[in-house]
file start04.cif (mmCIF, C-alpha atoms)
data_target
loop_
_atom_site.group_PDB
_atom_site.id
_atom_site.type_symbol
_atom_site.label_atom_id
_atom_site.label_comp_id
_atom_site.auth_asym_id
_atom_site.auth_seq_id
_atom_site.Cartn_x
_atom_site.Cartn_y
_atom_site.Cartn_z
ATOM 1 C CA MET A 696 -28.918 236.060 154.846
ATOM 2 C CA LEU A 697 -32.228 234.260 154.313
ATOM 3 C CA LYS A 698 -34.082 237.565 154.244
ATOM 4 C CA TYR A 699 -31.618 238.897 151.688
ATOM 5 C CA ILE A 700 -31.987 235.816 149.484
ATOM 6 C CA LEU A 701 -35.783 236.008 149.588
ATOM 7 C CA LYS A 702 -35.670 239.692 148.700
ATOM 8 C CA ARG A 703 -33.298 239.060 145.808
ATOM 9 C CA LEU A 704 -35.548 236.284 144.533
ATOM 10 C CA LEU A 705 -38.527 238.629 144.692
ATOM 11 C CA VAL A 706 -36.582 241.279 142.786
ATOM 12 C CA GLY A 707 -35.608 238.555 140.318
ATOM 13 C CA VAL A 708 -39.262 237.666 139.730
ATOM 14 C CA VAL A 709 -40.081 241.325 139.047
ATOM 15 C CA THR A 710 -37.080 241.555 136.723
ATOM 16 C CA LEU A 711 -38.222 238.463 134.839
ATOM 17 C CA TRP A 712 -41.708 239.910 134.508
ATOM 18 C CA ALA A 713 -40.257 243.120 133.039
ATOM 19 C CA LEU A 714 -38.091 241.053 130.678
ATOM 20 C CA ILE A 715 -41.083 238.982 129.554
ATOM 21 C CA THR A 716 -43.210 242.081 129.000
ATOM 22 C CA LEU A 717 -40.558 243.919 127.018
ATOM 23 C CA THR A 718 -39.681 240.859 124.927
ATOM 24 C CA PHE A 719 -43.370 240.110 124.292
ATOM 25 C CA VAL A 720 -44.011 243.640 123.041
ATOM 26 C CA LEU A 721 -40.900 243.667 120.840
ATOM 27 C CA VAL A 722 -41.474 240.293 119.179
ATOM 28 C CA HIS A 723 -45.076 241.193 118.402
ATOM 29 C CA ARG A 724 -43.866 244.416 116.810
ATOM 30 C CA MET A 725 -41.743 242.430 114.364
ATOM 31 C CA PRO A 726 -43.185 242.852 110.857
ATOM 32 C CA GLY A 727 -44.868 239.900 109.201
ATOM 33 C CA SER A 728 -46.160 236.578 110.459
ATOM 34 C CA PRO A 729 -44.205 233.513 111.638
ATOM 35 C CA PHE A 730 -45.821 231.584 108.776
ATOM 36 C CA GLU A 731 -45.170 233.979 105.893
ATOM 37 C CA ALA A 732 -41.882 232.360 104.865
ATOM 38 C CA GLU A 733 -43.533 228.981 104.266
ATOM 39 C CA ASN A 734 -45.135 229.901 100.913
ATOM 40 C CA LEU A 735 -48.641 229.485 102.272
ATOM 41 C CA SER A 736 -51.781 231.177 101.057
ATOM 42 C CA GLN A 737 -53.329 233.910 103.160
ATOM 43 C CA SER A 738 -56.198 231.625 104.167
ATOM 44 C CA GLN A 739 -53.748 228.979 105.367
ATOM 45 C CA ILE A 740 -51.815 231.610 107.322
ATOM 46 C CA ASP A 741 -55.060 232.804 108.917
ATOM 47 C CA GLN A 742 -55.933 229.235 109.913
ATOM 48 C CA LEU A 743 -52.529 228.685 111.514
ATOM 49 C CA GLU A 744 -52.686 232.004 113.382
ATOM 50 C CA GLU A 745 -56.132 231.054 114.663
ATOM 51 C CA ALA A 746 -54.879 227.613 115.750
ATOM 52 C CA TYR A 747 -52.031 229.173 117.734
ATOM 53 C CA GLY A 748 -54.125 232.048 119.063
ATOM 54 C CA LEU A 749 -52.267 234.740 117.167
ATOM 55 C CA ASN A 750 -55.520 236.232 115.927
ATOM 56 C CA GLU A 751 -56.468 237.187 119.474
ATOM 57 C CA PRO A 752 -55.886 240.737 120.761
ATOM 58 C CA GLU A 753 -52.329 241.283 121.908
ATOM 59 C CA TRP A 754 -53.305 241.911 125.530
ATOM 60 C CA LYS A 755 -55.188 238.606 125.630
ATOM 61 C CA GLN A 756 -52.209 236.721 124.181
ATOM 62 C CA TYR A 757 -50.064 238.326 126.892
ATOM 63 C CA VAL A 758 -52.420 237.260 129.685
ATOM 64 C CA ILE A 759 -52.666 233.709 128.327
ATOM 65 C CA TYR A 760 -48.876 233.492 128.082
ATOM 66 C CA LEU A 761 -48.441 234.606 131.698
ATOM 67 C CA GLU A 762 -51.080 232.106 132.858
ATOM 68 C CA ASN A 763 -49.303 229.268 131.045
ATOM 69 C CA LEU A 764 -45.956 230.456 132.388
ATOM 70 C CA MET A 765 -47.299 230.235 135.941
ATOM 71 C CA HIS A 766 -47.872 226.521 135.261
ATOM 72 C CA GLY A 767 -44.377 226.076 133.821
ATOM 73 C CA GLU A 768 -45.518 225.986 130.200
ATOM 74 C CA LEU A 769 -43.493 228.074 127.758
ATOM 75 C CA GLY A 770 -45.674 227.445 124.730
ATOM 76 C CA ILE A 771 -45.309 225.597 121.429
ATOM 77 C CA SER A 772 -42.797 226.382 118.696
ATOM 78 C CA TYR A 773 -44.628 227.589 115.595
ATOM 79 C CA LYS A 774 -41.972 226.163 113.294
ATOM 80 C CA LYS A 775 -41.297 222.763 114.875
ATOM 81 C CA ASN A 776 -44.652 222.179 116.563
ATOM 82 C CA ILE A 777 -42.965 220.971 119.756
ATOM 83 C CA SER A 778 -42.970 222.541 123.190
ATOM 84 C CA VAL A 779 -40.395 225.169 124.084
ATOM 85 C CA ASN A 780 -39.784 223.219 127.298
ATOM 86 C CA THR A 781 -38.581 220.314 125.151
ATOM 87 C CA LEU A 782 -36.298 222.563 123.105
ATOM 88 C CA ILE A 783 -34.754 223.967 126.290
ATOM 89 C CA SER A 784 -34.311 220.573 127.958
ATOM 90 C CA ARG A 785 -32.712 219.277 124.765
ATOM 91 C CA GLY A 786 -30.307 222.168 124.126
ATOM 92 C CA ALA A 787 -29.629 223.700 127.557
ATOM 93 C CA PRO A 788 -27.268 220.928 128.801
ATOM 94 C CA TYR A 789 -24.862 221.617 125.925
ATOM 95 C CA THR A 790 -24.946 225.387 126.413
ATOM 96 C CA ILE A 791 -24.586 225.172 130.198
ATOM 97 C CA ARG A 792 -21.772 222.612 130.050
ATOM 98 C CA VAL A 793 -19.726 224.622 127.567
ATOM 99 C CA GLY A 794 -20.464 227.868 129.424
ATOM 100 C CA LEU A 795 -19.592 226.558 132.895
ATOM 101 C CA ILE A 796 -16.407 224.852 131.706
ATOM 102 C CA ALA A 797 -15.350 228.041 129.928
ATOM 103 C CA PHE A 798 -16.162 230.105 133.005
ATOM 104 C CA GLY A 799 -14.262 227.781 135.351
ATOM 105 C CA ILE A 800 -11.197 227.836 133.118
ATOM 106 C CA SER A 801 -11.483 231.616 132.775
ATOM 107 C CA ALA A 802 -11.560 232.084 136.552
ATOM 108 C CA VAL A 803 -8.581 229.810 137.301
ATOM 109 C CA ILE A 804 -6.329 230.925 134.441
ATOM 110 C CA GLY A 805 -7.365 234.587 134.631
ATOM 111 C CA ILE A 806 -6.620 234.878 138.352
ATOM 112 C CA SER A 807 -3.312 233.019 137.892
ATOM 113 C CA ILE A 808 -2.208 235.292 135.046
ATOM 114 C CA GLY A 809 -3.266 238.388 136.991
ATOM 115 C CA ILE A 810 -1.176 237.377 140.003
ATOM 116 C CA TRP A 811 1.724 236.439 137.735
ATOM 117 C CA MET A 812 1.648 239.863 136.089
ATOM 118 C CA SER A 813 1.701 241.474 139.544
ATOM 119 C CA VAL A 814 4.591 239.536 141.099
ATOM 120 C CA THR A 815 6.876 238.735 138.154
ATOM 121 C CA LYS A 816 10.146 240.619 137.931
ATOM 122 C CA SER A 817 10.653 239.812 134.251
ATOM 123 C CA GLN A 818 9.592 242.715 132.086
ATOM 124 C CA ILE A 819 9.425 240.456 129.026
ATOM 125 C CA ILE A 820 6.934 238.086 130.665
ATOM 126 C CA LYS A 821 4.939 241.025 131.992
ATOM 127 C CA ASN A 822 4.733 242.593 128.528
ATOM 128 C CA ILE A 823 3.700 239.292 126.918
ATOM 129 C CA LEU A 824 0.936 238.729 129.486
ATOM 130 C CA LEU A 825 -0.205 242.335 129.211
ATOM 131 C CA ALA A 826 -0.318 242.073 125.417
ATOM 132 C CA TYR A 827 -2.504 238.967 125.697
ATOM 133 C CA ALA A 828 -4.778 240.643 128.247
ATOM 134 C CA THR A 829 -5.201 243.620 125.935
ATOM 135 C CA MET A 830 -5.862 241.484 122.867
ATOM 136 C CA GLY A 831 -8.285 239.258 124.787
ATOM 137 C CA VAL A 832 -10.618 242.125 125.647
ATOM 138 C CA SER A 833 -10.395 243.595 122.140
ATOM 139 C CA VAL A 834 -10.916 240.652 119.785
ATOM 140 C CA PRO A 835 -14.492 239.267 119.507
ATOM 141 C CA ALA A 836 -15.055 235.638 120.502
ATOM 142 C CA PHE A 837 -16.274 234.627 117.044
ATOM 143 C CA VAL A 838 -12.991 235.811 115.482
ATOM 144 C CA ILE A 839 -11.027 233.691 117.958
ATOM 145 C CA ALA A 840 -13.369 230.769 117.248
ATOM 146 C CA LEU A 841 -12.757 231.004 113.499
ATOM 147 C CA TYR A 842 -8.974 231.244 113.886
ATOM 148 C CA LEU A 843 -8.903 228.263 116.269
ATOM 149 C CA MET A 844 -11.057 226.257 113.869
ATOM 150 C CA LEU A 845 -8.814 227.062 110.904
ATOM 151 C CA LEU A 846 -5.551 226.458 112.768
ATOM 152 C CA PHE A 847 -6.260 223.349 114.845
ATOM 153 C CA GLY A 848 -9.128 221.866 112.867
ATOM 154 C CA VAL A 849 -8.348 222.594 109.214
ATOM 155 C CA TYR A 850 -4.616 223.249 108.802
ATOM 156 C CA LEU A 851 -3.208 221.025 111.563
ATOM 157 C CA GLY A 852 -6.132 218.594 111.761
ATOM 158 C CA LEU A 853 -5.568 218.025 115.480
ATOM 159 C CA LEU A 854 -9.032 218.752 116.860
ATOM 160 C CA PRO A 855 -12.625 218.167 115.692
ATOM 161 C CA VAL A 856 -14.631 221.239 114.785
ATOM 162 C CA VAL A 857 -18.224 219.959 114.634
ATOM 163 C CA GLY A 858 -20.512 218.836 117.458
ATOM 164 C CA LEU A 859 -19.896 217.766 121.052
ATOM 165 C CA THR A 860 -19.815 213.994 120.818
ATOM 166 C CA SER A 861 -16.668 213.463 122.921
ATOM 167 C CA PRO A 862 -14.593 215.367 125.516
ATOM 168 C CA ILE A 863 -12.076 216.420 122.874
ATOM 169 C CA HIS A 864 -14.856 218.213 120.967
ATOM 170 C CA TYR A 865 -15.134 220.684 123.867
ATOM 171 C CA ILE A 866 -11.589 222.010 123.515
ATOM 172 C CA LEU A 867 -12.057 224.502 120.675
ATOM 173 C CA PRO A 868 -15.456 225.978 121.664
ATOM 174 C CA VAL A 869 -14.425 226.249 125.315
ATOM 175 C CA ALA A 870 -11.103 227.870 124.371
ATOM 176 C CA ALA A 871 -12.844 230.361 122.073
ATOM 177 C CA GLN A 872 -15.401 231.217 124.714
ATOM 178 C CA ALA A 873 -12.889 231.537 127.548
ATOM 179 C CA PHE A 874 -10.352 233.648 125.624
ATOM 180 C CA GLY A 875 -11.985 237.001 126.392
ATOM 181 C CA PRO A 876 -13.045 236.384 130.028
ATOM 182 C CA VAL A 877 -9.548 235.108 130.880
ATOM 183 C CA ALA A 878 -8.060 238.401 129.718
ATOM 184 C CA THR A 879 -10.656 240.481 131.563
ATOM 185 C CA ILE A 880 -10.240 238.566 134.823
ATOM 186 C CA ALA A 881 -6.443 238.754 134.483
ATOM 187 C CA ARG A 882 -6.479 242.540 134.080
ATOM 188 C CA LEU A 883 -8.910 242.962 136.973
ATOM 189 C CA THR A 884 -6.913 240.628 139.231
ATOM 190 C CA LYS A 885 -3.660 242.447 138.439
ATOM 191 C CA SER A 886 -5.226 245.799 139.280
ATOM 192 C CA THR A 887 -6.851 244.706 142.550
ATOM 193 C CA TYR A 888 -3.848 242.603 143.618
ATOM 194 C CA MET A 889 -1.392 245.466 143.178
ATOM 195 C CA GLU A 890 -3.757 247.832 144.963
ATOM 196 C CA ALA A 891 -4.110 245.398 147.866
ATOM 197 C CA THR A 892 -0.325 245.161 148.308
ATOM 198 C CA GLN A 893 -0.230 248.908 149.026
ATOM 199 C CA GLN A 894 -2.678 248.745 151.931
ATOM 200 C CA ASP A 895 -1.710 249.410 155.552
ATOM 201 C CA TYR A 896 -2.606 245.890 156.721
ATOM 202 C CA VAL A 897 0.155 244.492 154.476
ATOM 203 C CA ILE A 898 2.715 246.790 156.113
ATOM 204 C CA MET A 899 1.402 245.727 159.520
ATOM 205 C CA ALA A 900 1.634 242.052 158.570
ATOM 206 C CA ARG A 901 5.254 242.485 157.487
ATOM 207 C CA ALA A 902 6.010 244.274 160.741
ATOM 208 C CA LYS A 903 4.605 241.299 162.646
ATOM 209 C CA GLY A 904 7.078 239.039 160.857
ATOM 210 C CA LEU A 905 4.613 237.074 158.757
ATOM 211 C CA SER A 906 6.084 235.208 155.812
ATOM 212 C CA THR A 907 5.634 236.436 152.256
ATOM 213 C CA PHE A 908 3.429 233.410 151.515
ATOM 214 C CA GLN A 909 1.107 234.214 154.428
ATOM 215 C CA ILE A 910 0.913 237.885 153.475
ATOM 216 C CA MET A 911 0.297 237.306 149.786
ATOM 217 C CA PHE A 912 -2.249 234.499 150.004
ATOM 218 C CA LYS A 913 -3.922 234.974 153.363
ATOM 219 C CA HIS A 914 -4.248 238.761 153.331
ATOM 220 C CA VAL A 915 -3.561 240.264 149.903
ATOM 221 C CA LEU A 916 -5.228 237.660 147.685
ATOM 222 C CA ARG A 917 -8.247 237.364 149.944
ATOM 223 C CA ASN A 918 -9.008 241.069 149.641
ATOM 224 C CA ALA A 919 -7.972 241.338 145.997
ATOM 225 C CA LEU A 920 -10.399 238.604 144.943
ATOM 226 C CA ILE A 921 -13.544 240.409 146.146
ATOM 227 C CA PRO A 922 -13.860 242.679 143.052
ATOM 228 C CA VAL A 923 -12.906 239.720 140.849
ATOM 229 C CA ILE A 924 -15.637 237.526 142.319
ATOM 230 C CA THR A 925 -18.089 240.393 141.875
ATOM 231 C CA TYR A 926 -17.280 240.288 138.158
ATOM 232 C CA PHE A 927 -18.172 236.578 138.035
ATOM 233 C CA GLY A 928 -21.871 237.424 137.678
ATOM 234 C CA PRO A 929 -21.459 239.356 134.400
ATOM 235 C CA ALA A 930 -18.829 236.804 133.320
ATOM 236 C CA ILE A 931 -21.308 233.947 133.641
ATOM 237 C CA ALA A 932 -23.869 235.960 131.695
ATOM 238 C CA PHE A 933 -21.265 236.625 128.994
ATOM 239 C CA THR A 934 -20.275 232.962 128.688
ATOM 240 C CA LEU A 935 -23.926 231.918 128.378
ATOM 241 C CA THR A 936 -25.005 234.534 125.845
ATOM 242 C CA GLY A 937 -21.642 234.599 124.097
ATOM 243 C CA SER A 938 -22.060 230.909 123.345
ATOM 244 C CA PHE A 939 -24.755 231.668 120.757
ATOM 245 C CA VAL A 940 -22.291 232.556 117.996
ATOM 246 C CA ILE A 941 -19.844 229.859 119.142
ATOM 247 C CA GLU A 942 -22.587 227.258 118.837
ATOM 248 C CA GLN A 943 -23.310 228.344 115.291
ATOM 249 C CA ILE A 944 -19.647 228.143 114.296
ATOM 250 C CA TYR A 945 -19.006 224.703 115.825
ATOM 251 C CA SER A 946 -22.494 223.280 115.079
ATOM 252 C CA ILE A 947 -23.271 222.705 118.753
ATOM 253 C CA PRO A 948 -26.914 221.691 119.348
ATOM 254 C CA GLY A 949 -27.417 224.155 122.200
ATOM 255 C CA ILE A 950 -30.039 226.787 122.865
ATOM 256 C CA GLY A 951 -27.978 229.483 121.155
ATOM 257 C CA ARG A 952 -28.521 228.025 117.704
ATOM 258 C CA GLU A 953 -32.233 227.524 118.399
ATOM 259 C CA PHE A 954 -32.512 231.075 119.719
ATOM 260 C CA THR A 955 -30.921 232.685 116.671
ATOM 261 C CA ASN A 956 -33.048 230.541 114.351
ATOM 262 C CA ALA A 957 -36.162 231.569 116.291
ATOM 263 C CA ILE A 958 -35.358 235.261 115.782
ATOM 264 C CA THR A 959 -34.858 234.716 112.068
ATOM 265 C CA ASN A 960 -38.118 232.755 111.780
ATOM 266 C CA ARG A 961 -40.156 235.060 114.083
ATOM 267 C CA ASP A 962 -40.892 232.101 116.364
ATOM 268 C CA TYR A 963 -42.349 234.206 119.174
ATOM 269 C CA THR A 964 -42.786 231.526 121.830
ATOM 270 C CA VAL A 965 -39.235 230.215 121.415
ATOM 271 C CA ILE A 966 -37.796 233.731 121.701
ATOM 272 C CA LEU A 967 -39.852 234.378 124.829
ATOM 273 C CA GLY A 968 -39.118 231.004 126.392
ATOM 274 C CA PHE A 969 -35.379 231.200 125.860
ATOM 275 C CA SER A 970 -35.318 234.790 127.148
ATOM 276 C CA VAL A 971 -37.064 233.669 130.346
ATOM 277 C CA PHE A 972 -34.689 230.734 130.778
ATOM 278 C CA ILE A 973 -31.510 232.748 130.200
ATOM 279 C CA GLY A 974 -32.768 235.613 132.386
ATOM 280 C CA ALA A 975 -33.501 233.211 135.245
ATOM 281 C CA LEU A 976 -30.028 231.660 134.938
ATOM 282 C CA ILE A 977 -28.343 235.064 135.098
ATOM 283 C CA ILE A 978 -30.422 236.146 138.123
ATOM 284 C CA VAL A 979 -29.527 232.961 139.998
ATOM 285 C CA ALA A 980 -25.851 233.310 139.003
ATOM 286 C CA ASN A 981 -25.659 236.863 140.381
ATOM 287 C CA LEU A 982 -27.283 235.733 143.633
ATOM 288 C CA VAL A 983 -24.748 232.909 143.971
ATOM 289 C CA VAL A 984 -21.909 235.379 143.346
ATOM 290 C CA ASP A 985 -23.174 237.659 146.143
ATOM 291 C CA ILE A 986 -23.316 234.727 148.543
ATOM 292 C CA LEU A 987 -19.835 233.624 147.453
ATOM 293 C CA CYS A 988 -18.455 237.110 148.184
ATOM 294 C CA SER A 989 -19.833 236.946 151.728
ATOM 295 C CA ILE A 990 -18.208 233.524 152.203
ATOM 296 C CA VAL A 991 -14.798 234.653 150.936
ATOM 297 C CA ASP A 992 -14.897 237.727 153.186
ATOM 298 C CA PRO A 993 -17.257 237.415 156.194
ATOM 299 C CA ARG A 994 -16.941 241.180 156.707
ATOM 300 C CA ILE A 995 -19.252 241.610 153.710
ATOM 301 C CA LYS A 996 -22.774 241.511 155.076
ATOM 302 C CA LEU A 997 -25.716 240.691 152.851
ATOM 303 C CA THR A 998 -28.161 243.357 153.921
ATOM 304 C CA ASP A 999 -31.376 244.786 152.550
#
call {"tool": "encode", "arguments": {"input": "start04.cif", "output": "structure tokens"}}
result
Amino acid sequence: MLKYILKRLLVGVVTLWALITLTFVLVHRMPGSPFEAENLSQSQIDQLEEAYGLNEPEWKQYVIYLENLMHGELGISYKKNISVNTLISRGAPYTIRVGLIAFGISAVIGISIGIWMSVTKSQIIKNILLAYATMGVSVPAFVIALYLMLLFGVYLGLLPVVGLTSPIHYILPVAAQAFGPVATIARLTKSTYMEATQQDYVIMARAKGLSTFQIMFKHVLRNALIPVITYFGPAIAFTLTGSFVIEQIYSIPGIGREFTNAITNRDYTVILGFSVFIGALIIVANLVVDILCSIVDPRIKLTD
């Protein structure tokens, strides 16, 4: 397993390098200068570009950025004149907390609904759950966020809709962010669970006289969860990147709002720094998911 982890980390480093290179090229192809929107004269813009090294050849800026990155420095924001490291350390806790809570709720509720859809005998309940699962994968998260804000925050006045100053402030953004993943996990769990019940080992277990509880949870669920756990990697990526719009709607001071503002303002270093940070999180999350799959089912070997 150690060899596999080291190899995945090496692949992750190469992936990050490719991400940095592509992002660097794209942001420097954006028309205009980061300072053009500040009503400055051309001479003032030239002075600022010289101060930040933007007047250097593009290849030299790229080399300097990689050298700084090797020392853990992600550069200085052109708009706020503070380090990108500070922006990440200030906003990442909010984004990660909301994302992880939403993911945890999505996993628990999604798996539960998927199993319920598979074992229930009530056609009405099955249709209701299936309708939710279909709507959940069809409706964008920002639409759900707006409806939740209007219903529970504006019309009913039950929940706050701005910031994350208390635990109750997490309810609406987490619910909006988890709505889609819950439906996806539920549909996937239903499919894999029903497929697992048709396997020969289930028939053999019944022939041995094992109880329904033992068959369903020890054998069926264990095998049905492998594809679901495999989906956890993309699900974590979705909850992290999907939080960008949610943060704008609920005025959450996370990295999503800073990232979207950086794109609007052509703040190259912030765009690059946040891309590196989010890419590293997703790479680590996928590695953890692979390890988790091998723990759930020891028959899965992490090989080269």
call {"tool": "atom_distance", "arguments": {"input": "start04.cif", "atom1": "atom CA of Ser807 of chain A", "atom2": "atom CA of Thr887 of chain A"}}
result
13.1 Å
call {"tool": "closest_atom_pairs", "arguments": {"input": "start04.cif", "of": "segment 918-997 of chain A", "to": "segment 809-814 of chain A", "cutoff": "12 Å", "atoms": "all atoms listed in the file", "output": "CSV"}}
result
residue,atom,partner,partner_atom,distance
A:Ala919,CA,A:Ile810,CA,9.9
A:Leu920,CA,A:Ile810,CA,10.5
A:Val923,CA,A:Gly809,CA,10.5
call {"tool": "resolve_selection", "arguments": {"input": "start04.cif", "expression": "the PyMOL selection byres ((chain A and resi 798) around 9)", "output": "PDB file with C-alpha atoms, keeping the file's coordinate frame"}}
result
ATOM      1  CA  VAL A 793     -19.726 224.622 127.567  1.00  0.00           C
ATOM      2  CA  GLY A 794     -20.464 227.868 129.424  1.00  0.00           C
ATOM      3  CA  LEU A 795     -19.592 226.558 132.895  1.00  0.00           C
ATOM      4  CA  ILE A 796     -16.407 224.852 131.706  1.00  0.00           C
ATOM      5  CA  ALA A 797     -15.350 228.041 129.928  1.00  0.00           C
ATOM      6  CA  GLY A 799     -14.262 227.781 135.351  1.00  0.00           C
ATOM      7  CA  ILE A 800     -11.197 227.836 133.118  1.00  0.00           C
ATOM      8  CA  SER A 801     -11.483 231.616 132.775  1.00  0.00           C
ATOM      9  CA  ALA A 802     -11.560 232.084 136.552  1.00  0.00           C
ATOM     10  CA  VAL A 803      -8.581 229.810 137.301  1.00  0.00           C
ATOM     11  CA  VAL A 869     -14.425 226.249 125.315  1.00  0.00           C
ATOM     12  CA  GLN A 872     -15.401 231.217 124.714  1.00  0.00           C
ATOM     13  CA  ALA A 873     -12.889 231.537 127.548  1.00  0.00           C
ATOM     14  CA  PRO A 876     -13.045 236.384 130.028  1.00  0.00           C
ATOM     15  CA  VAL A 877      -9.548 235.108 130.880  1.00  0.00           C
ATOM     16  CA  PHE A 927     -18.172 236.578 138.035  1.00  0.00           C
ATOM     17  CA  ALA A 930     -18.829 236.804 133.320  1.00  0.00           C
ATOM     18  CA  ILE A 931     -21.308 233.947 133.641  1.00  0.00           C
ATOM     19  CA  THR A 934     -20.275 232.962 128.688  1.00  0.00           C
TER      20      THR A 934
END
call {"tool": "residues_around", "arguments": {"input": "start04.cif", "residues": "Ala828 of chain A", "least_positions_apart": "2", "cutoff": "12 Å", "atoms": "all atoms listed in the file", "output": "mmCIF file with C-alpha atoms, keeping the file's coordinate frame"}}
result
data_model
loop_
_atom_site.group_PDB
_atom_site.id
_atom_site.type_symbol
_atom_site.label_atom_id
_atom_site.label_comp_id
_atom_site.auth_asym_id
_atom_site.auth_seq_id
_atom_site.Cartn_x
_atom_site.Cartn_y
_atom_site.Cartn_z
ATOM 1 C CA ILE A 804 -6.329 230.925 134.441
ATOM 2 C CA GLY A 805 -7.365 234.587 134.631
ATOM 3 C CA ILE A 806 -6.620 234.878 138.352
ATOM 4 C CA ILE A 808 -2.208 235.292 135.046
ATOM 5 C CA GLY A 809 -3.266 238.388 136.991
ATOM 6 C CA MET A 812 1.648 239.863 136.089
ATOM 7 C CA LYS A 821 4.939 241.025 131.992
ATOM 8 C CA ASN A 822 4.733 242.593 128.528
ATOM 9 C CA ILE A 823 3.700 239.292 126.918
ATOM 10 C CA LEU A 824 0.936 238.729 129.486
ATOM 11 C CA LEU A 825 -0.205 242.335 129.211
ATOM 12 C CA ALA A 826 -0.318 242.073 125.417
ATOM 13 C CA MET A 830 -5.862 241.484 122.867
ATOM 14 C CA GLY A 831 -8.285 239.258 124.787
ATOM 15 C CA VAL A 832 -10.618 242.125 125.647
ATOM 16 C CA SER A 833 -10.395 243.595 122.140
ATOM 17 C CA VAL A 834 -10.916 240.652 119.785
ATOM 18 C CA PHE A 874 -10.352 233.648 125.624
ATOM 19 C CA GLY A 875 -11.985 237.001 126.392
ATOM 20 C CA PRO A 876 -13.045 236.384 130.028
ATOM 21 C CA VAL A 877 -9.548 235.108 130.880
ATOM 22 C CA ALA A 878 -8.060 238.401 129.718
ATOM 23 C CA THR A 879 -10.656 240.481 131.563
ATOM 24 C CA ILE A 880 -10.240 238.566 134.823
ATOM 25 C CA ALA A 881 -6.443 238.754 134.483
ATOM 26 C CA ARG A 882 -6.479 242.540 134.080
ATOM 27 C CA LEU A 883 -8.910 242.962 136.973
ATOM 28 C CA THR A 884 -6.913 240.628 139.231
ATOM 29 C CA LYS A 885 -3.660 242.447 138.439
#
call {"tool": "atom_distance", "arguments": {"input": "start04.cif", "atom1": "atom CA of Leu782 of chain A", "atom2": "atom CA of Gly949 of chain A"}}
result
9.1 Å
call {"tool": "closest_atom_pairs", "arguments": {"input": "start04.cif", "of": "segment 713-825 of chain A", "to": "segment 961-967 of chain A", "cutoff": "10 Å", "atoms": "all atoms listed in the file", "output": "JSON lines"}}
result
{"residue": "A:Leu714", "atom": "CA", "partner": "A:Leu967", "partner_atom": "CA", "distance": 9.0}
{"residue": "A:Ile715", "atom": "CA", "partner": "A:Leu967", "partner_atom": "CA", "distance": 6.7}
{"residue": "A:Thr716", "atom": "CA", "partner": "A:Leu967", "partner_atom": "CA", "distance": 9.4}
{"residue": "A:Leu717", "atom": "CA", "partner": "A:Leu967", "partner_atom": "CA", "distance": 9.8}
{"residue": "A:Thr718", "atom": "CA", "partner": "A:Leu967", "partner_atom": "CA", "distance": 6.5}
{"residue": "A:Phe719", "atom": "CA", "partner": "A:Leu967", "partner_atom": "CA", "distance": 6.7}
{"residue": "A:Leu721", "atom": "CA", "partner": "A:Tyr963", "partner_atom": "CA", "distance": 9.7}
{"residue": "A:Val722", "atom": "CA", "partner": "A:Tyr963", "partner_atom": "CA", "distance": 6.1}
{"residue": "A:His723", "atom": "CA", "partner": "A:Tyr963", "partner_atom": "CA", "distance": 7.5}
{"residue": "A:Met725", "atom": "CA", "partner": "A:Arg961", "partner_atom": "CA", "distance": 7.5}
{"residue": "A:Pro726", "atom": "CA", "partner": "A:Arg961", "partner_atom": "CA", "distance": 9.0}
{"residue": "A:Gly727", "atom": "CA", "partner": "A:Arg961", "partner_atom": "CA", "distance": 8.3}
{"residue": "A:Ser728", "atom": "CA", "partner": "A:Arg961", "partner_atom": "CA", "distance": 7.2}
{"residue": "A:Pro729", "atom": "CA", "partner": "A:Arg961", "partner_atom": "CA", "distance": 5.0}
{"residue": "A:Phe730", "atom": "CA", "partner": "A:Arg961", "partner_atom": "CA", "distance": 8.5}
{"residue": "A:Glu731", "atom": "CA", "partner": "A:Arg961", "partner_atom": "CA", "distance": 9.7}
{"residue": "A:Ala732", "atom": "CA", "partner": "A:Arg961", "partner_atom": "CA", "distance": 9.8}
{"residue": "A:Tyr760", "atom": "CA", "partner": "A:Thr964", "partner_atom": "CA", "distance": 8.9}
{"residue": "A:Leu769", "atom": "CA", "partner": "A:Thr964", "partner_atom": "CA", "distance": 6.9}
{"residue": "A:Gly770", "atom": "CA", "partner": "A:Thr964", "partner_atom": "CA", "distance": 5.8}
{"residue": "A:Ile771", "atom": "CA", "partner": "A:Thr964", "partner_atom": "CA", "distance": 6.5}
{"residue": "A:Ser772", "atom": "CA", "partner": "A:Val965", "partner_atom": "CA", "distance": 5.9}
{"residue": "A:Tyr773", "atom": "CA", "partner": "A:Asp962", "partner_atom": "CA", "distance": 5.9}
{"residue": "A:Lys774", "atom": "CA", "partner": "A:Asp962", "partner_atom": "CA", "distance": 6.8}
{"residue": "A:Lys775", "atom": "CA", "partner": "A:Asp962", "partner_atom": "CA", "distance": 9.5}
{"residue": "A:Ser778", "atom": "CA", "partner": "A:Val965", "partner_atom": "CA", "distance": 8.7}
{"residue": "A:Val779", "atom": "CA", "partner": "A:Val965", "partner_atom": "CA", "distance": 5.8}
{"residue": "A:Asn780", "atom": "CA", "partner": "A:Val965", "partner_atom": "CA", "distance": 9.2}
{"residue": "A:Leu782", "atom": "CA", "partner": "A:Val965", "partner_atom": "CA", "distance": 8.4}
{"residue": "A:Ile783", "atom": "CA", "partner": "A:Val965", "partner_atom": "CA", "distance": 9.1}
call {"tool": "residues_around", "arguments": {"input": "start04.cif", "residues": "Tyr842 of chain A", "least_positions_apart": "4", "cutoff": "12 Å", "atoms": "only C-alpha atoms", "output": "list in words"}}
result
Val834, Pro835, Ala836, Phe837, Val838, Leu846, Phe847, Gly848, Val849, Tyr850, Leu851, Val856, Leu867, Pro868, Ala870, Ala871 and Ile944 of chain A
